[in-house]
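Undergrad: Starting off with a structure, shown below.
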Amino acid sequence: MSYDVLTREISNDFYKELLYRMIKVNRFETELLRLQNEGKVHGTLHLCVGEEASVVGSTAALKKDDYIFTTHRGHGESIGKGADIRLIMAEILGKTGSSNRGIGGSMHVTAPEVGVVGSNGVVGASVPISLGAALTIKLKKIPDRVSVCFFGDGAANQGAVLESMNLAGAWKLPVIFVLIENGYAVSTRPEEASADPDFVKRAMPFKLNPFDVDGDDVLKVLYTVAKAREMVLSGAGPCLIVEHTYRISGHSRSDVNSYRSTEEIETHIKNDPIKRYTDYLISNGFFGAEELEAVKRSAEEEVKAAVSYALSRPDADMGAEELERLVYSDDHDRRAL
């Protein structure tokens, strides 16, 4: 359920829906961490705990048919866009009945039925790929559709990312670049890797429409992405949105957080986006605490059901021949090229 926040007032149901999605993303990630610690997740994990407002606010402003391309930390965007969390959970646990037959894993989630074209394990790779979708939209004159790519501050200096921004600006492609600045590229602060960490300035040389937003305020993110989408569809050109948030979870399963203090993390936990939004809804009289507690329980139950579904599925078991069939085309003439 997306919502046109620029032309209508947001309903109370949608305010509640935003909270539901944020809690669902959070609980999905924390359950994955538990399952990883129990040895049920093969491979690594990149969780987005702390970034719930950015991923939910961004995707809630989009339409179902809009394309999104996410990073290796892409569970949140996929869930926010409407992907079936049972299939994602099963995929990450390497099960059948999943989004990619259990062979893609955490960094390769797809849900084309809701516009999630794919996640990518290569830093910054979602950005040039998203231009292909944007070019398709432009050449086929597909109405009311945009391409959106997500990437982090760690990818901001990648050559392919900067080249993509240049090409998007030169061709005026219907694409929105969403840079989620979450404080660290693994363990490196933005100011340690960039001569100027004010990433919104990257819009200027490529003639992108720039936006800078508090990524922990879900309503501000929602409005900003909705405004950017409107600009792209109006023919004003592509947009760059920098969303400032904080990654509470470690970079991956090997991260012991030696590069930051416990006090730093706890400070952000005390004012995380979910608490911040919950306090806003209560203090402004939208809902009472009991009603929002029911929203929390409902989201938790959905995640528990997804875990149960995934654990009940058989492990994916494919031989080399089947894996080759899924990777390569059956058109041998094209393969020979």
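Convention: chains lettered A, B, ... in structure tokens order; per-chain residue numbering from 1; ligands numbered from 1 as shown.
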Can you tell me which residues surround range 137-152 of chain A at a distance of at most 8 Å, considering only C-alpha atoms, apart from same-chain residues fewer than 3 positions away, and format the answer as a PyMOL selection string?
TA: chain A and resi 63+65-71+123-124+126-127+130-131+133-134+155-156+173-182+185+229+232-233
Undergrad: CA of Ala60 in chain A and CA of Phe211 in chain A, how far apart in Å?
TA: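 Answer for the CA of Phe211 in chain A to CA of Ala60 in chain A separation: 17.2 Å.
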Undergrad: Please build the interface table for range 190-282 of chain A against range 294-298 of chain A with a cut-off of 12 Å, listing for each qualifying residue the nearest atom pair and the distance in Å to one decimal; count only C-alpha atoms, order rows by chain and increasing number, and write it as a Markdown table.
TA:
| residue | atom | partner | partner_atom | distance |
| --- | --- | --- | --- | --- |
| A:Ile274 | CA | A:Lys296 | CA | 10.4 |
| A:Lys275 | CA | A:Lys296 | CA | 11.5 |
| A:Thr278 | CA | A:Lys296 | CA | 10.4 |
Undergrad: From a backbone DSSP assignment, name each residue in range 55-265 of chain A labelled strand (DSSP E), as a PyMOL selection string.
TA: chain A and resi 67-69+116-118+147-152+175-181+209-214+239-244
Undergrad: Extract, using only C-alpha atoms, all DNA, RNA and protein residues at most 12 Å from range 280-283 of chain A, discarding same-chain residues fewer than 6 positions from it, and format them as a list of chain:residue names.
TA: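 With the cut-off at 12 Å, the set is A:Asn12, A:Asp13, A:Phe14, A:Tyr15, A:Lys16, A:Leu18, A:Leu19, A:Asp217, A:Val218, A:Leu219, A:Asn271, A:Pro273, A:Ile274, A:Ala289, A:Glu290, A:Glu291, A:Leu292, A:Glu293.
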Undergrad: Just to be explicit: take each residue in the selection above, keep N, CA and C atoms, and write the result as a PDB file, in the first residue's frame.
TA:
ATOM      1  N   ASN A  12      -5.162   8.017   9.314  1.00  0.00           N
ATOM      2  CA  ASN A  12      -4.663   7.384  10.528  1.00  0.00           C
ATOM      3  C   ASN A  12      -4.233   5.945  10.281  1.00  0.00           C
ATOM      4  N   ASP A  13      -4.943   5.273   9.385  1.00  0.00           N
ATOM      5  CA  ASP A  13      -4.573   3.896   9.063  1.00  0.00           C
ATOM      6  C   ASP A  13      -3.170   3.823   8.462  1.00  0.00           C
ATOM      7  N   PHE A  14      -2.846   4.826   7.641  1.00  0.00           N
ATOM      8  CA  PHE A  14      -1.518   4.801   7.028  1.00  0.00           C
ATOM      9  C   PHE A  14      -0.435   5.172   8.025  1.00  0.00           C
ATOM     10  N   TYR A  15      -0.719   6.092   8.947  1.00  0.00           N
ATOM     11  CA  TYR A  15       0.225   6.370  10.029  1.00  0.00           C
ATOM     12  C   TYR A  15       0.549   5.078  10.776  1.00  0.00           C
ATOM     13  N   LYS A  16      -0.489   4.315  11.050  1.00  0.00           N
ATOM     14  CA  LYS A  16      -0.317   3.053  11.774  1.00  0.00           C
ATOM     15  C   LYS A  16       0.441   2.035  10.911  1.00  0.00           C
ATOM     16  N   LEU A  18       2.714   2.600   8.684  1.00  0.00           N
ATOM     17  CA  LEU A  18       4.138   2.918   8.683  1.00  0.00           C
ATOM     18  C   LEU A  18       4.833   2.325   9.913  1.00  0.00           C
ATOM     19  N   LEU A  19       4.201   2.464  11.070  1.00  0.00           N
ATOM     20  CA  LEU A  19       4.771   1.898  12.290  1.00  0.00           C
ATOM     21  C   LEU A  19       4.839   0.373  12.183  1.00  0.00           C
ATOM     22  N   ASP A 217      13.526  10.126  10.647  1.00  0.00           N
ATOM     23  CA  ASP A 217      12.165  10.660  10.715  1.00  0.00           C
ATOM     24  C   ASP A 217      11.380  10.086   9.547  1.00  0.00           C
ATOM     25  N   VAL A 218      10.568   9.070   9.805  1.00  0.00           N
ATOM     26  CA  VAL A 218       9.913   8.338   8.727  1.00  0.00           C
ATOM     27  C   VAL A 218       8.999   9.228   7.891  1.00  0.00           C
ATOM     28  N   LEU A 219       8.339  10.217   8.497  1.00  0.00           N
ATOM     29  CA  LEU A 219       7.440  11.091   7.750  1.00  0.00           C
ATOM     30  C   LEU A 219       8.210  12.044   6.844  1.00  0.00           C
ATOM     31  N   ASN A 271      17.034   6.477  21.271  1.00  0.00           N
ATOM     32  CA  ASN A 271      16.218   7.353  20.421  1.00  0.00           C
ATOM     33  C   ASN A 271      16.125   6.780  19.014  1.00  0.00           C
ATOM     34  N   PRO A 273      14.547   5.101  15.562  1.00  0.00           N
ATOM     35  CA  PRO A 273      13.433   5.621  14.760  1.00  0.00           C
ATOM     36  C   PRO A 273      12.062   5.106  15.171  1.00  0.00           C
ATOM     37  N   ILE A 274      11.973   3.851  15.610  1.00  0.00           N
ATOM     38  CA  ILE A 274      10.676   3.298  15.998  1.00  0.00           C
ATOM     39  C   ILE A 274      10.160   3.972  17.258  1.00  0.00           C
ATOM     40  N   ALA A 289      -1.214   4.420  23.704  1.00  0.00           N
ATOM     41  CA  ALA A 289      -0.123   3.461  23.843  1.00  0.00           C
ATOM     42  C   ALA A 289      -0.608   2.022  23.657  1.00  0.00           C
ATOM     43  N   GLU A 290      -1.794   1.700  24.158  1.00  0.00           N
ATOM     44  CA  GLU A 290      -2.310   0.337  24.043  1.00  0.00           C
ATOM     45  C   GLU A 290      -2.570  -0.054  22.594  1.00  0.00           C
ATOM     46  N   GLU A 291      -3.083   0.894  21.831  1.00  0.00           N
ATOM     47  CA  GLU A 291      -3.366   0.614  20.425  1.00  0.00           C
ATOM     48  C   GLU A 291      -2.076   0.349  19.652  1.00  0.00           C
ATOM     49  N   LEU A 292      -1.034   1.108  19.962  1.00  0.00           N
ATOM     50  CA  LEU A 292       0.239   0.908  19.278  1.00  0.00           C
ATOM     51  C   LEU A 292       0.934  -0.359  19.761  1.00  0.00           C
ATOM     52  N   GLU A 293       0.670  -0.751  20.986  1.00  0.00           N
ATOM     53  CA  GLU A 293       1.208  -2.015  21.477  1.00  0.00           C
ATOM     54  C   GLU A 293       0.599  -3.179  20.699  1.00  0.00           C
TER      55      GLU A 293
END
Undergrad: Would you compute the distance between CA of Ala53 in chain A and CA of Arg247 in chain A? Give it in Å to one decimal.
TA: 11.6 Å
Undergrad: Tell me which protein, DNA and RNA residues are within 8 Å of Gly121 in chain A, counting only C-alpha atoms, leaving out same-chain ones fewer than 2 positions away, and put them as number ranges by chain.
TA: A: 71-72, 107-108, 119, 123, 125
Undergrad: Quick one: everything within 10 Å of Glu113 in chain A, counting only C-alpha atoms, minus sequence neighbours fewer than 5 positions away in the same chain. Send it as a ChimeraX atom specification.
TA: /A:64-65,82-84
Undergrad: Identify, on the basis of only C-alpha atoms, every residue whose closest approach to Pro210 in chain A does not exceed 6 Å; exclude the query and any residue fewer than 4 positions from it along the same chain; express the result as a ChimeraX atom specification.
TA: /A:203,239-240
Undergrad: List the spatial neighbours of Lys304 in chain A as number ranges by chain - criterion: any atom at most 12 Å away, only C-alpha atoms, same-chain residues fewer than 6 positions off excluded.
TA: A: 24, 27-32, 35, 85-86, 89, 297-298, 310-311
Undergrad: Which residue, A:Asp153, A:Glu264, A:Asp272, A:Glu191, has the smallest gap to Ile23 in chain A when you use only C-alpha atoms?
TA: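 Nearest to Ile23 in chain A: A:Asp272.
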